[in-house]
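Containing compact mmCIF, C-alpha atoms (C1' of nucleotides): model_18.txt.
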```txt
# COMPACT_ATOMS: atom_id res chain seq x y z
CA MET Q 1 -9.73 69.58 -29.24
CA SER Q 2 -9.72 69.93 -33.02
CA ALA Q 3 -12.92 71.02 -34.70
CA ARG Q 4 -12.96 67.76 -36.60
CA SER Q 5 -13.03 65.56 -33.57
CA ARG Q 6 -15.38 67.92 -31.81
CA ILE Q 7 -17.77 67.31 -34.67
CA THR Q 8 -17.51 63.53 -34.68
CA GLU Q 9 -17.94 63.63 -30.92
CA GLY Q 10 -21.05 65.75 -31.32
CA ALA Q 11 -22.38 63.39 -33.95
CA MET Q 12 -21.93 60.46 -31.56
CA THR Q 13 -23.80 62.26 -28.84
CA VAL Q 14 -26.71 63.10 -31.12
CA ALA Q 15 -26.88 59.62 -32.60
CA ALA Q 16 -26.80 57.91 -29.22
CA ARG Q 17 -29.14 60.31 -27.49
CA ASP Q 18 -31.71 61.10 -30.17
CA GLY Q 19 -31.45 58.19 -32.58
CA VAL Q 20 -30.62 57.85 -36.21
CA GLY Q 21 -33.61 59.85 -37.34
CA ALA Q 22 -32.37 62.92 -35.52
CA LEU Q 23 -28.83 62.64 -36.82
CA THR Q 24 -28.97 65.64 -39.16
CA LEU Q 25 -26.21 67.99 -40.17
CA GLU Q 26 -27.92 70.82 -38.37
CA ALA Q 27 -28.31 68.88 -35.15
CA VAL Q 28 -24.69 67.78 -35.21
CA ALA Q 29 -23.52 71.30 -35.92
CA ALA Q 30 -25.52 72.66 -33.01
CA GLU Q 31 -24.22 69.95 -30.69
CA SER Q 32 -20.62 70.65 -31.71
CA ASP Q 33 -20.83 74.44 -31.44
CA VAL Q 34 -20.09 74.85 -35.11
CA SER Q 35 -22.26 76.34 -37.79
CA LYS Q 36 -23.57 74.12 -40.51
CA GLY Q 37 -21.17 75.76 -42.95
CA GLY Q 38 -18.31 75.05 -40.61
CA LEU Q 39 -19.31 71.43 -40.35
CA LEU Q 40 -19.53 71.08 -44.11
CA TYR Q 41 -16.08 72.55 -44.42
CA HIS Q 42 -14.69 69.59 -42.49
CA PHE Q 43 -17.04 66.94 -43.81
CA ALA Q 44 -18.19 67.74 -47.33
CA THR Q 45 -21.14 65.35 -47.21
CA LYS Q 46 -23.16 63.53 -44.64
CA GLU Q 47 -21.66 60.29 -45.85
CA ALA Q 48 -18.19 61.63 -45.10
CA LEU Q 49 -19.33 62.55 -41.62
CA LEU Q 50 -20.63 59.05 -40.99
CA TYR Q 51 -17.41 57.52 -42.22
CA GLY Q 52 -15.50 59.86 -39.94
CA LEU Q 53 -17.64 58.87 -37.01
CA VAL Q 54 -17.23 55.15 -37.59
CA ARG Q 55 -13.52 55.51 -38.23
CA ASP Q 56 -13.16 57.47 -35.02
CA CYS Q 57 -15.00 54.90 -32.93
CA LEU Q 58 -13.07 51.99 -34.37
CA ASP Q 59 -9.74 53.76 -33.95
CA ARG Q 60 -10.35 54.36 -30.29
CA TRP Q 61 -11.51 50.83 -29.85
CA SER Q 62 -8.37 49.59 -31.59
CA ALA Q 63 -6.17 51.76 -29.43
CA ASP Q 64 -7.82 50.45 -26.28
CA LEU Q 65 -7.32 46.91 -27.52
CA SER Q 66 -3.67 47.42 -28.47
CA GLU Q 67 -2.91 48.79 -25.08
CA ARG Q 68 -4.43 45.77 -23.37
CA ILE Q 69 -2.64 43.36 -25.70
CA ASP Q 70 0.68 45.03 -24.95
CA ARG Q 71 0.14 44.52 -21.24
CA ASP Q 72 -0.48 40.79 -21.76
CA PRO Q 73 2.73 38.76 -21.43
CA ASP Q 74 1.48 35.86 -23.56
CA PRO Q 75 0.87 36.65 -27.24
CA ALA Q 76 -1.31 33.57 -27.86
CA GLY Q 77 -4.92 34.59 -27.49
CA ALA Q 78 -3.99 37.97 -26.13
CA ALA Q 79 -6.30 39.68 -28.61
CA ALA Q 80 -9.27 37.59 -27.55
CA ARG Q 81 -8.60 38.25 -23.87
CA ALA Q 82 -8.17 41.95 -24.49
CA TYR Q 83 -11.39 41.93 -26.45
CA VAL Q 84 -13.32 40.41 -23.59
CA ALA Q 85 -11.78 42.75 -21.06
CA ALA Q 86 -12.55 45.79 -23.19
CA VAL Q 87 -16.18 44.84 -23.68
CA ALA Q 88 -16.67 43.97 -20.04
CA ALA Q 89 -14.92 47.08 -18.74
CA PRO Q 90 -17.13 48.86 -16.21
CA ASP Q 91 -16.49 52.23 -17.84
CA HIS Q 92 -17.73 50.81 -21.12
CA ASP Q 93 -19.69 53.82 -22.25
CA PRO Q 94 -22.59 53.05 -24.52
CA ILE Q 95 -22.54 56.37 -26.37
CA ARG Q 96 -19.82 55.45 -28.79
CA GLU Q 97 -21.21 51.97 -29.20
CA THR Q 98 -24.74 53.10 -29.90
CA ALA Q 99 -23.47 55.73 -32.28
CA LEU Q 100 -21.37 53.17 -34.09
CA LEU Q 101 -24.36 50.93 -34.59
CA ALA Q 102 -26.52 53.85 -35.68
CA ALA Q 103 -24.01 55.11 -38.22
CA THR Q 104 -23.61 51.66 -39.71
CA ALA Q 105 -27.34 51.28 -39.99
CA LEU Q 106 -27.51 54.59 -41.82
CA GLU Q 107 -24.55 53.90 -44.07
CA PRO Q 108 -24.17 50.13 -44.42
CA THR Q 109 -20.98 50.41 -46.43
CA THR Q 110 -19.17 51.52 -43.29
CA ALA Q 111 -19.35 47.87 -42.27
CA ASP Q 112 -16.27 47.56 -44.48
CA LEU Q 113 -14.35 49.47 -41.85
CA TRP Q 114 -15.49 47.02 -39.19
CA ARG Q 115 -14.37 44.16 -41.38
CA GLU Q 116 -10.89 45.62 -41.83
CA THR Q 117 -10.43 46.21 -38.14
CA ALA Q 118 -11.81 42.81 -37.17
CA ALA Q 119 -9.50 41.10 -39.64
CA GLU Q 120 -6.46 42.60 -37.96
CA TRP Q 121 -7.42 41.24 -34.57
CA THR Q 122 -8.26 37.81 -35.91
CA ALA Q 123 -4.89 37.68 -37.60
CA ALA Q 124 -3.23 38.75 -34.37
CA ASP Q 125 -4.74 35.76 -32.64
CA ALA Q 126 -4.28 33.19 -35.36
CA THR Q 127 -0.60 33.78 -35.99
CA PRO Q 128 1.08 32.52 -32.83
CA LEU Q 129 -1.20 29.52 -32.52
CA ALA Q 130 -0.44 25.87 -33.10
CA ASP Q 131 -3.62 24.04 -32.18
CA PRO Q 132 -6.56 24.76 -34.51
CA ASP Q 133 -9.04 23.82 -31.79
CA ARG Q 134 -7.68 26.63 -29.67
CA LEU Q 135 -8.43 29.03 -32.48
CA ILE Q 136 -12.04 27.92 -32.49
CA ASP Q 137 -12.28 28.61 -28.78
CA LEU Q 138 -10.77 32.04 -29.27
CA LEU Q 139 -13.26 32.73 -32.04
CA LEU Q 140 -16.05 31.56 -29.81
CA VAL Q 141 -14.95 33.87 -27.06
CA ARG Q 142 -14.69 36.76 -29.44
CA LEU Q 143 -18.19 36.12 -30.77
CA ALA Q 144 -19.50 35.93 -27.24
CA ALA Q 145 -17.81 39.25 -26.55
CA ASP Q 146 -19.53 40.67 -29.64
CA GLY Q 147 -22.80 39.34 -28.31
CA LEU Q 148 -22.12 40.90 -24.96
CA TRP Q 149 -21.25 44.13 -26.69
CA LEU Q 150 -24.57 44.11 -28.52
CA ALA Q 151 -26.46 43.15 -25.39
CA ARG Q 152 -24.90 45.95 -23.38
CA THR Q 153 -25.32 48.48 -26.15
CA LEU Q 154 -28.98 47.74 -26.69
CA ASP Q 155 -29.49 46.74 -23.08
CA ILE Q 156 -31.23 43.54 -24.10
CA TYR Q 157 -30.53 41.15 -21.25
CA ASP Q 158 -30.73 42.30 -17.71
CA LEU Q 159 -27.53 40.77 -16.46
CA THR Q 160 -26.77 41.10 -12.81
CA ASP Q 161 -23.24 42.14 -11.97
CA GLU Q 162 -22.71 38.74 -10.44
CA ARG Q 163 -23.70 36.89 -13.57
CA LEU Q 164 -21.75 39.24 -15.75
CA GLY Q 165 -18.69 38.59 -13.59
CA ALA Q 166 -19.10 34.83 -13.80
CA LEU Q 167 -19.61 35.08 -17.53
CA VAL Q 168 -16.49 37.12 -18.06
CA ASP Q 169 -14.47 34.75 -15.87
CA ARG Q 170 -15.63 31.85 -17.97
CA MET Q 171 -14.78 33.66 -21.17
CA GLN Q 172 -11.33 34.53 -19.94
CA GLN Q 173 -10.86 30.95 -18.87
CA LEU Q 174 -11.67 29.73 -22.36
CA ALA Q 175 -9.28 32.27 -23.82
CA ALA Q 176 -6.53 31.58 -21.31
CA ALA Q 177 -3.18 30.63 -22.72
CA GLU Q 178 -2.46 27.57 -20.57
CA SER Q 179 -5.84 26.13 -21.39
CA ASP Q 180 -6.68 22.59 -20.46
CA THR Q 181 -9.90 23.02 -22.46
CA THR Q 182 -12.06 22.87 -19.37
CA MET F 1 -51.58 37.53 -47.19
CA SER F 2 -53.14 40.29 -45.16
CA ALA F 3 -52.38 43.85 -46.18
CA ARG F 4 -50.79 44.43 -42.82
CA SER F 5 -48.18 41.74 -43.14
CA ARG F 6 -47.66 42.59 -46.78
CA ILE F 7 -46.68 46.05 -45.58
CA THR F 8 -44.27 44.92 -42.87
CA GLU F 9 -42.78 42.52 -45.38
CA GLY F 10 -42.33 45.36 -47.85
CA ALA F 11 -40.76 47.50 -45.16
CA MET F 12 -38.26 44.77 -44.40
CA THR F 13 -37.32 44.47 -48.03
CA VAL F 14 -36.79 48.20 -48.40
CA ALA F 15 -34.82 48.50 -45.17
CA ALA F 16 -32.54 45.61 -46.00
CA ARG F 17 -32.05 46.47 -49.65
CA ASP F 18 -31.88 50.26 -49.62
CA GLY F 19 -30.87 51.08 -46.08
CA VAL F 20 -32.43 53.03 -43.27
CA GLY F 21 -32.24 56.31 -45.14
CA ALA F 22 -34.50 55.00 -47.87
CA LEU F 23 -37.07 53.59 -45.49
CA THR F 24 -39.80 56.12 -46.20
CA LEU F 25 -43.54 55.65 -46.12
CA GLU F 26 -43.76 56.15 -49.85
CA ALA F 27 -41.07 53.61 -50.59
CA VAL F 28 -42.69 51.04 -48.34
CA ALA F 29 -46.09 51.72 -49.88
CA ALA F 30 -44.72 51.24 -53.38
CA GLU F 31 -42.94 48.03 -52.39
CA SER F 32 -46.10 46.65 -50.80
CA ASP F 33 -48.47 47.57 -53.62
CA VAL F 34 -50.46 49.81 -51.35
CA SER F 35 -51.04 53.51 -51.63
CA LYS F 36 -49.57 55.79 -49.05
CA GLY F 37 -53.05 56.42 -47.73
CA GLY F 38 -53.63 52.70 -47.45
CA LEU F 39 -50.41 52.26 -45.57
CA LEU F 40 -51.29 55.01 -43.14
CA TYR F 41 -54.62 53.38 -42.56
CA HIS F 42 -52.88 50.31 -41.16
CA PHE F 43 -50.01 52.09 -39.47
CA ALA F 44 -51.00 55.55 -38.35
CA THR F 45 -47.43 56.76 -37.95
CA LYS F 46 -44.00 55.75 -39.09
CA GLU F 47 -43.21 54.78 -35.53
CA ALA F 48 -46.13 52.35 -35.55
CA LEU F 49 -44.82 50.82 -38.75
CA LEU F 50 -41.39 50.29 -37.23
CA TYR F 51 -42.88 48.68 -34.15
CA GLY F 52 -44.92 46.44 -36.41
CA LEU F 53 -41.85 45.47 -38.33
CA VAL F 54 -39.82 44.63 -35.24
CA ARG F 55 -42.70 42.77 -33.66
CA ASP F 56 -43.13 40.74 -36.83
CA CYS F 57 -39.46 39.80 -37.02
CA LEU F 58 -39.27 38.80 -33.39
CA ASP F 59 -42.47 36.78 -33.57
CA ARG F 60 -41.19 34.72 -36.45
CA TRP F 61 -37.89 34.26 -34.72
CA SER F 62 -39.71 33.11 -31.60
CA ALA F 63 -41.84 30.71 -33.59
CA ASP F 64 -38.76 29.22 -35.22
CA LEU F 65 -37.17 28.81 -31.82
CA SER F 66 -40.22 27.25 -30.19
CA GLU F 67 -40.41 24.70 -32.95
CA ARG F 68 -36.80 23.70 -32.43
CA ILE F 69 -37.20 23.54 -28.66
CA ASP F 70 -40.21 21.27 -29.03
CA ARG F 71 -38.19 18.86 -31.12
CA ASP F 72 -35.47 18.67 -28.45
CA PRO F 73 -36.08 15.78 -26.02
CA ASP F 74 -34.11 17.37 -23.18
CA PRO F 75 -35.58 20.57 -21.71
CA ALA F 76 -32.34 21.63 -20.01
CA GLY F 77 -30.52 24.03 -22.29
CA ALA F 78 -32.88 23.34 -25.16
CA ALA F 79 -33.41 27.04 -25.74
CA ALA F 80 -29.70 27.71 -26.02
CA ARG F 81 -29.23 24.84 -28.45
CA ALA F 82 -32.19 25.94 -30.53
CA TYR F 83 -30.79 29.45 -30.54
CA VAL F 84 -27.48 28.30 -31.94
CA ALA F 85 -29.12 26.10 -34.52
CA ALA F 86 -31.40 28.90 -35.66
CA VAL F 87 -28.59 31.39 -36.05
CA ALA F 88 -26.36 28.92 -37.83
CA ALA F 89 -29.10 27.64 -40.12
CA PRO F 90 -27.96 27.77 -43.73
CA ASP F 91 -31.22 29.33 -44.87
CA HIS F 92 -30.69 32.10 -42.35
CA ASP F 93 -31.91 34.93 -44.51
CA PRO F 94 -30.29 38.27 -43.77
CA ILE F 95 -33.23 40.39 -44.94
CA ARG F 96 -35.21 40.10 -41.76
CA GLU F 97 -32.10 40.43 -39.65
CA THR F 98 -30.83 43.51 -41.41
CA ALA F 99 -34.27 45.05 -41.28
CA LEU F 100 -34.55 44.29 -37.59
CA LEU F 101 -31.28 46.04 -36.89
CA ALA F 102 -32.21 48.97 -39.10
CA ALA F 103 -35.59 49.46 -37.46
CA THR F 104 -34.06 49.37 -34.01
CA ALA F 105 -31.47 51.92 -35.01
CA LEU F 106 -34.23 54.17 -36.28
CA GLU F 107 -36.48 53.67 -33.28
CA PRO F 108 -34.33 52.70 -30.30
CA THR F 109 -37.30 52.14 -28.03
CA THR F 110 -38.14 49.01 -30.00
CA ALA F 111 -35.24 47.43 -28.13
CA ASP F 112 -37.85 46.93 -25.41
CA LEU F 113 -39.44 44.31 -27.60
CA TRP F 114 -36.12 42.49 -27.93
CA ARG F 115 -35.76 42.58 -24.18
CA GLU F 116 -39.16 41.02 -23.62
CA THR F 117 -38.53 38.24 -26.07
CA ALA F 118 -35.02 37.57 -24.80
CA ALA F 119 -36.28 37.36 -21.24
CA GLU F 120 -38.66 34.56 -22.18
CA TRP F 121 -35.91 32.43 -23.62
CA THR F 122 -33.55 33.04 -20.74
CA ALA F 123 -36.28 32.00 -18.34
CA ALA F 124 -36.91 28.90 -20.42
CA ASP F 125 -33.30 27.86 -19.93
CA ALA F 126 -32.90 28.84 -16.31
CA THR F 127 -35.93 27.01 -14.96
CA PRO F 128 -35.04 23.34 -15.37
CA LEU F 129 -31.43 23.82 -14.30
CA ALA F 130 -29.74 22.77 -11.09
CA ASP F 131 -26.11 23.72 -11.56
CA PRO F 132 -25.52 27.49 -11.77
CA ASP F 133 -22.28 26.97 -13.71
CA ARG F 134 -24.26 25.30 -16.46
CA LEU F 135 -26.39 28.40 -16.73
CA ILE F 136 -23.30 30.50 -17.29
CA ASP F 137 -22.23 28.23 -20.11
CA LEU F 138 -25.67 28.46 -21.66
CA LEU F 139 -25.53 32.22 -21.41
CA LEU F 140 -22.11 32.21 -22.98
CA VAL F 141 -23.32 30.13 -25.85
CA ARG F 142 -26.29 32.39 -26.34
CA LEU F 143 -24.09 35.46 -26.40
CA ALA F 144 -21.79 33.79 -28.89
CA ALA F 145 -24.84 33.06 -31.01
CA ASP F 146 -25.81 36.73 -30.79
CA GLY F 147 -22.30 37.63 -31.88
CA LEU F 148 -22.53 35.21 -34.75
CA TRP F 149 -25.87 36.69 -35.67
CA LEU F 150 -24.37 40.16 -35.77
CA ALA F 151 -21.34 38.97 -37.68
CA ARG F 152 -23.47 37.24 -40.29
CA THR F 153 -25.90 40.12 -40.58
CA LEU F 154 -23.23 42.75 -41.05
CA ASP F 155 -20.87 40.31 -42.75
CA ILE F 156 -18.01 41.33 -40.48
CA TYR F 157 -15.82 38.26 -40.26
CA ASP F 158 -15.13 36.20 -43.30
CA LEU F 159 -15.77 32.83 -41.77
CA THR F 160 -15.13 29.80 -43.95
CA ASP F 161 -17.82 27.15 -43.88
CA GLU F 162 -15.34 24.84 -42.22
CA ARG F 163 -14.64 27.23 -39.38
CA LEU F 164 -18.28 28.07 -39.01
CA GLY F 165 -19.04 24.36 -38.74
CA ALA F 166 -16.36 23.80 -36.10
CA LEU F 167 -17.58 26.83 -34.20
CA VAL F 168 -21.17 25.67 -34.17
CA ASP F 169 -20.10 22.18 -33.08
CA ARG F 170 -18.20 23.67 -30.19
CA MET F 171 -21.14 25.84 -29.22
CA GLN F 172 -23.53 22.90 -29.28
CA GLN F 173 -21.04 20.91 -27.24
CA LEU F 174 -20.99 23.59 -24.58
CA ALA F 175 -24.78 23.72 -24.60
CA ALA F 176 -25.18 19.94 -24.60
CA ALA F 177 -27.27 18.46 -21.86
CA GLU F 178 -24.91 15.71 -20.72
CA SER F 179 -22.09 18.18 -20.41
CA ASP F 180 -18.85 17.20 -18.73
CA THR F 181 -17.82 20.86 -19.03
CA THR F 182 -15.15 20.09 -21.59
C1' DT J 1 -87.24 43.79 -51.88
C1' DG J 2 -85.45 48.02 -51.59
C1' DT J 3 -83.55 52.01 -49.24
C1' DG J 4 -80.88 54.50 -46.14
C1' DG J 5 -77.22 54.17 -42.84
C1' DT J 6 -72.80 52.66 -40.83
C1' DG J 7 -68.06 50.78 -40.64
C1' DT J 8 -63.96 49.10 -42.84
C1' DA J 9 -60.56 49.36 -46.23
C1' DC J 10 -58.18 51.98 -49.30
C1' DC J 11 -56.85 55.79 -52.56
C1' DG J 12 -54.44 60.19 -54.41
C1' DT J 13 -53.42 64.88 -53.46
C1' DC J 14 -51.69 68.48 -50.85
C1' DC J 15 -48.68 71.08 -47.62
C1' DA J 16 -45.67 72.90 -44.01
C1' DG J 17 -41.49 71.95 -42.49
C1' DA J 18 -37.08 69.72 -42.49
C1' DC J 19 -33.38 68.09 -45.16
C1' DG J 20 -28.62 68.04 -47.51
C1' DG J 21 -25.99 70.92 -49.83
C1' DT J 22 -24.28 75.62 -52.20
C1' DA J 23 -22.63 80.49 -52.45
C1' DG J 24 -20.11 83.81 -50.99
C1' DA J 25 -18.71 87.19 -47.59
C1' DG J 26 -16.18 87.73 -43.26
C1' DT J 27 -12.51 86.54 -39.81
C1' DT J 28 -8.24 84.83 -37.92
C1' DC J 29 -3.53 84.21 -37.93
C1' DA J 30 1.11 82.63 -39.75
C1' DT H 1 -1.06 88.78 -48.28
C1' DG H 2 -3.19 84.56 -48.46
C1' DA H 3 -4.64 80.30 -46.78
C1' DA H 4 -7.42 78.11 -43.37
C1' DC H 5 -11.49 78.40 -41.35
C1' DT H 6 -16.21 79.94 -40.09
C1' DC H 7 -20.23 82.30 -40.83
C1' DT H 8 -25.26 83.45 -42.64
C1' DA H 9 -28.50 83.13 -46.16
C1' DC H 10 -30.50 80.55 -49.38
C1' DC H 11 -32.21 76.71 -52.77
C1' DG H 12 -34.53 72.63 -54.54
C1' DT H 13 -36.16 68.40 -52.98
C1' DC H 14 -38.27 65.19 -50.21
C1' DT H 15 -40.88 63.70 -46.01
C1' DG H 16 -44.44 62.52 -42.70
C1' DG H 17 -48.80 63.12 -42.16
C1' DA H 18 -53.52 65.22 -42.89
C1' DC H 19 -57.49 65.08 -45.53
C1' DG H 20 -61.44 64.47 -48.58
C1' DG H 21 -63.19 61.13 -51.21
C1' DT H 22 -64.40 56.20 -53.16
C1' DA H 23 -65.81 51.37 -53.04
C1' DC H 24 -68.03 47.86 -50.92
C1' DA H 25 -69.89 44.83 -47.40
C1' DC H 26 -73.21 44.46 -43.92
C1' DC H 27 -77.39 45.56 -41.33
C1' DA H 28 -81.94 47.46 -39.96
C1' DC H 29 -86.40 48.27 -41.03
C1' DA H 30 -90.39 49.56 -43.91
```

Taking this structure as input, can you express it in the form of structure tokens?
Amino acid sequence: MSARSRITEGAMTVAARDGVGALTLEAVAAESDVSKGGLLYHFATKEALLYGLVRDCLDRWSADLSERIDRDPDPAGAAARAYVAAVAAPDHDPIRETALLAATALEPTTADLWRETAAEWTAADATPLADPDRLIDLLLVRLAADGLWLARTLDIYDLTDERLGALVDRMQQLAAAESDTT
Amino acid sequence: MSARSRITEGAMTVAARDGVGALTLEAVAAESDVSKGGLLYHFATKEALLYGLVRDCLDRWSADLSERIDRDPDPAGAAARAYVAAVAAPDHDPIRETALLAATALEPTTADLWRETAAEWTAADATPLADPDRLIDLLLVRLAADGLWLARTLDIYDLTDERLGALVDRMQQLAAAESDTT
DNA sequence: TGTGGTGTACCGTCCAGACGGTAGAGTTCA
DNA sequence: TGAACTCTACCGTCTGGACGGTACACCACA
């Protein structure tokens, strides 16, 4: 693994495990088996490190999403369905998610990166769609997935597996291509 | 206003305006027209201040919600509908929301407070309900509202007012008491 | 009525340690 | 050889928190 990605990985671990307050250059360097000087060679400032972290998280997320979309035969709403599936995935590991949230809290301007990425997916859904009402449903499902993402990341609701399953089924139903709007 | 709430208020302003990194005791003291010593009299540690801030935000949110629920004639799903209305409210001011997110990022254990509060509302919805499928829809709507909350707080999607309106209508429809599950 | 005592609220200063970042020498390898 | 990379040592600044002190309200009791 390249030193660069070892460092962003280490930063994620520290952020998720010890919180934003503990996300210092020294801590990240120690976690990544790099000296502080080495870290600063790759990321000149802390800000750059945070941008790298967020970019890394979003890229992986995007890749996961693309893969799921490609496997979906129907282009209409495929992004929304992939989105739900990705969030609900059982191997959904909260480290990257928590780290993403932490980094954005520390450096609010990184929200721009979220916006860019989100815009792509919205466009992907909107394009092959005729009915505007369908788009609203897809948006709704996506927002619910975001909510689920937040809930799982912060562990806010204690959802049983059964309820989570029913919820995801319902979301997928709303995002289904051959929807009869039930 | 009591010194205590003046301080949490000041902390919110600083957190939302200048970011987590700038949320220092001195900055909060200056913003609240209190000396650092005075601040530390009311909140012995920074952690205590963050808990106070989160508690404050959630309490107000709860109060807003309760008020809306009381005005709703039908108890079934009233919490979910109130939730949507509160998130979508045009005077939804992002300062408290941003601060809430920032404080939680800084002190992840405050998520416990979210959990407590969320549990109350979920219980409020689940109790007067017969059909389990309805509960899933209410949960879905609530999650979508959480997603909308996050989106508005971080300004992730650029939702037009028109789309936002349509979205909220759809959410309220799904949460409506006399639902025919359309 | 006055005097001493107690508790609450608040202030400003100080400090050890942690922080982000710099400087420059050393190492590895094409 | 030189470029890419990594190291250790260091600097100036800021931070959370401790601390000693002030102001004032209230109360007991002589």

message: Distance cut-off 12 Å, centre (-62.7, 64.4, -48.0) in file coordinates, counting only C-alpha atoms (C1' of nucleotides): which residues qualify? Return them as a count of residues only.
response: 8

What are the residues of chain F lining chain Q at 9 Å or less? Count all atoms listed in the file, and put the answer as a short mmCIF file (atom, residue, chain, number, x, y, z; two decimals) with C-alpha atoms, in the coordinates of the input.
```cif
data_model
loop_
_atom_site.label_atom_id
_atom_site.label_comp_id
_atom_site.auth_asym_id
_atom_site.auth_seq_id
_atom_site.Cartn_x
_atom_site.Cartn_y
_atom_site.Cartn_z
CA GLY F 19 -30.87 51.08 -46.08
CA VAL F 20 -32.43 53.03 -43.27
CA GLY F 21 -32.24 56.31 -45.14
CA THR F 98 -30.83 43.51 -41.41
CA LEU F 101 -31.28 46.04 -36.89
CA ALA F 102 -32.21 48.97 -39.10
CA ALA F 103 -35.59 49.46 -37.46
CA THR F 104 -34.06 49.37 -34.01
CA ALA F 105 -31.47 51.92 -35.01
CA LEU F 106 -34.23 54.17 -36.28
CA GLU F 107 -36.48 53.67 -33.28
CA PRO F 108 -34.33 52.70 -30.30
CA ALA F 111 -35.24 47.43 -28.13
CA ASP F 112 -37.85 46.93 -25.41
CA LEU F 113 -39.44 44.31 -27.60
CA TRP F 114 -36.12 42.49 -27.93
CA ARG F 115 -35.76 42.58 -24.18
CA GLU F 116 -39.16 41.02 -23.62
CA ALA F 118 -35.02 37.57 -24.80
CA ALA F 119 -36.28 37.36 -21.24
CA THR F 122 -33.55 33.04 -20.74
CA ASP F 133 -22.28 26.97 -13.71
CA ILE F 136 -23.30 30.50 -17.29
CA ASP F 137 -22.23 28.23 -20.11
CA LEU F 139 -25.53 32.22 -21.41
CA LEU F 140 -22.11 32.21 -22.98
CA VAL F 141 -23.32 30.13 -25.85
CA ARG F 142 -26.29 32.39 -26.34
CA LEU F 143 -24.09 35.46 -26.40
CA ALA F 144 -21.79 33.79 -28.89
CA ALA F 145 -24.84 33.06 -31.01
CA ASP F 146 -25.81 36.73 -30.79
CA GLY F 147 -22.30 37.63 -31.88
CA LEU F 148 -22.53 35.21 -34.75
CA TRP F 149 -25.87 36.69 -35.67
CA LEU F 150 -24.37 40.16 -35.77
CA ALA F 151 -21.34 38.97 -37.68
CA LEU F 154 -23.23 42.75 -41.05
CA ASP F 155 -20.87 40.31 -42.75
CA ILE F 156 -18.01 41.33 -40.48
CA TYR F 157 -15.82 38.26 -40.26
CA ASP F 158 -15.13 36.20 -43.30
CA ARG F 163 -14.64 27.23 -39.38
CA ALA F 166 -16.36 23.80 -36.10
CA LEU F 167 -17.58 26.83 -34.20
CA VAL F 168 -21.17 25.67 -34.17
CA ARG F 170 -18.20 23.67 -30.19
CA MET F 171 -21.14 25.84 -29.22
CA ASP F 180 -18.85 17.20 -18.73
CA THR F 181 -17.82 20.86 -19.03
CA THR F 182 -15.15 20.09 -21.59
#
```

Could you give me the axis-aligned bounding box of segment 8-12 of chain F, with 6 Å of padding per side, as centre plus edge lengths in Å to one decimal, as AutoDock Vina command-line options?
```
--center_x -41.3 --center_y 45.0 --center_z -45.4 --size_x 18.0 --size_y 17.0 --size_z 17.0
```

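For the pair atom CA of Ala78 of chain Q and atom CA of Trp61 of chain Q, the separation is 15.4 Å.
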
query: Suppose you want the space between atom CA of Tyr41 of chain Q and atom C1' of DG26 of chain J; what is it in Å?
result: 15.2 Å

message: Neighbouring residues of DC27 of chain H were defined as those with any atom within 12 Å, considering all atoms listed in the file; residues of the same chain fewer than 6 positions away were excluded. Please report them as a PyMOL selection string.
response: chain J and resi 3-7

Please tabulate, as CSV, the residues of chain Q that come within 8 Å of chain J, each with its closest pair of atoms and the distance in Å to one decimal, counting all atoms listed in the file and ordering rows by chain, then residue number upward.
```
residue,atom,partner,partner_atom,distance
Q:Thr24,CA,J:DC19,C1',7.8
Q:Leu25,CA,J:DG20,C1',7.7
Q:Thr45,CA,J:DG21,C1',7.8
Q:Lys46,CA,J:DG20,C1',7.6
```

message: With 12 Å as the threshold, what does the neighbourhood of (-49.9, 50.2, -51.9) contain in terms of residues, counting all atoms listed in the file? Coordinates are those of the file; answer as a PyMOL selection string.
response: (chain F and resi 3-4+6-8+10-11+25-42) or (chain J and resi 10-12)

task: In Å, rounded to a single decimal, give me how far atom CA of Ala82 of chain F is from atom CA of Ile69 of chain F.
output: 5.9 Å

Given all atoms listed in the file, how would the per-residue table for chain H near chain F read, listing every residue at most 8 Å away with its closest atom pair and distance in Å to one decimal, sorted by chain and number, as CSV?
```
residue,atom,partner,partner_atom,distance
H:DT15,C1',F:Thr24,CA,7.7
H:DG16,C1',F:Lys46,CA,7.7
H:DG17,C1',F:Thr45,CA,7.7
```

Considering only C-alpha atoms (C1' of nucleotides), return as a short mmCIF file (atom, residue, chain, number, x, y, z; two decimals) with C-alpha atoms, in the frame of the given file whatever protein or nucleic-acid residues lie within 12 Å of Asp72 of chain F, sequence-local ones (same chain, fewer than 5 positions apart) excluded.
```cif
data_model
loop_
_atom_site.label_atom_id
_atom_site.label_comp_id
_atom_site.auth_asym_id
_atom_site.auth_seq_id
_atom_site.Cartn_x
_atom_site.Cartn_y
_atom_site.Cartn_z
CA LEU F 65 -37.17 28.81 -31.82
CA SER F 66 -40.22 27.25 -30.19
CA GLU F 67 -40.41 24.70 -32.95
CA GLY F 77 -30.52 24.03 -22.29
CA ALA F 78 -32.88 23.34 -25.16
CA ALA F 79 -33.41 27.04 -25.74
CA ALA F 80 -29.70 27.71 -26.02
CA ARG F 81 -29.23 24.84 -28.45
CA ALA F 82 -32.19 25.94 -30.53
CA TYR F 83 -30.79 29.45 -30.54
CA ALA F 85 -29.12 26.10 -34.52
CA ALA F 176 -25.18 19.94 -24.60
CA ALA F 177 -27.27 18.46 -21.86
#
```
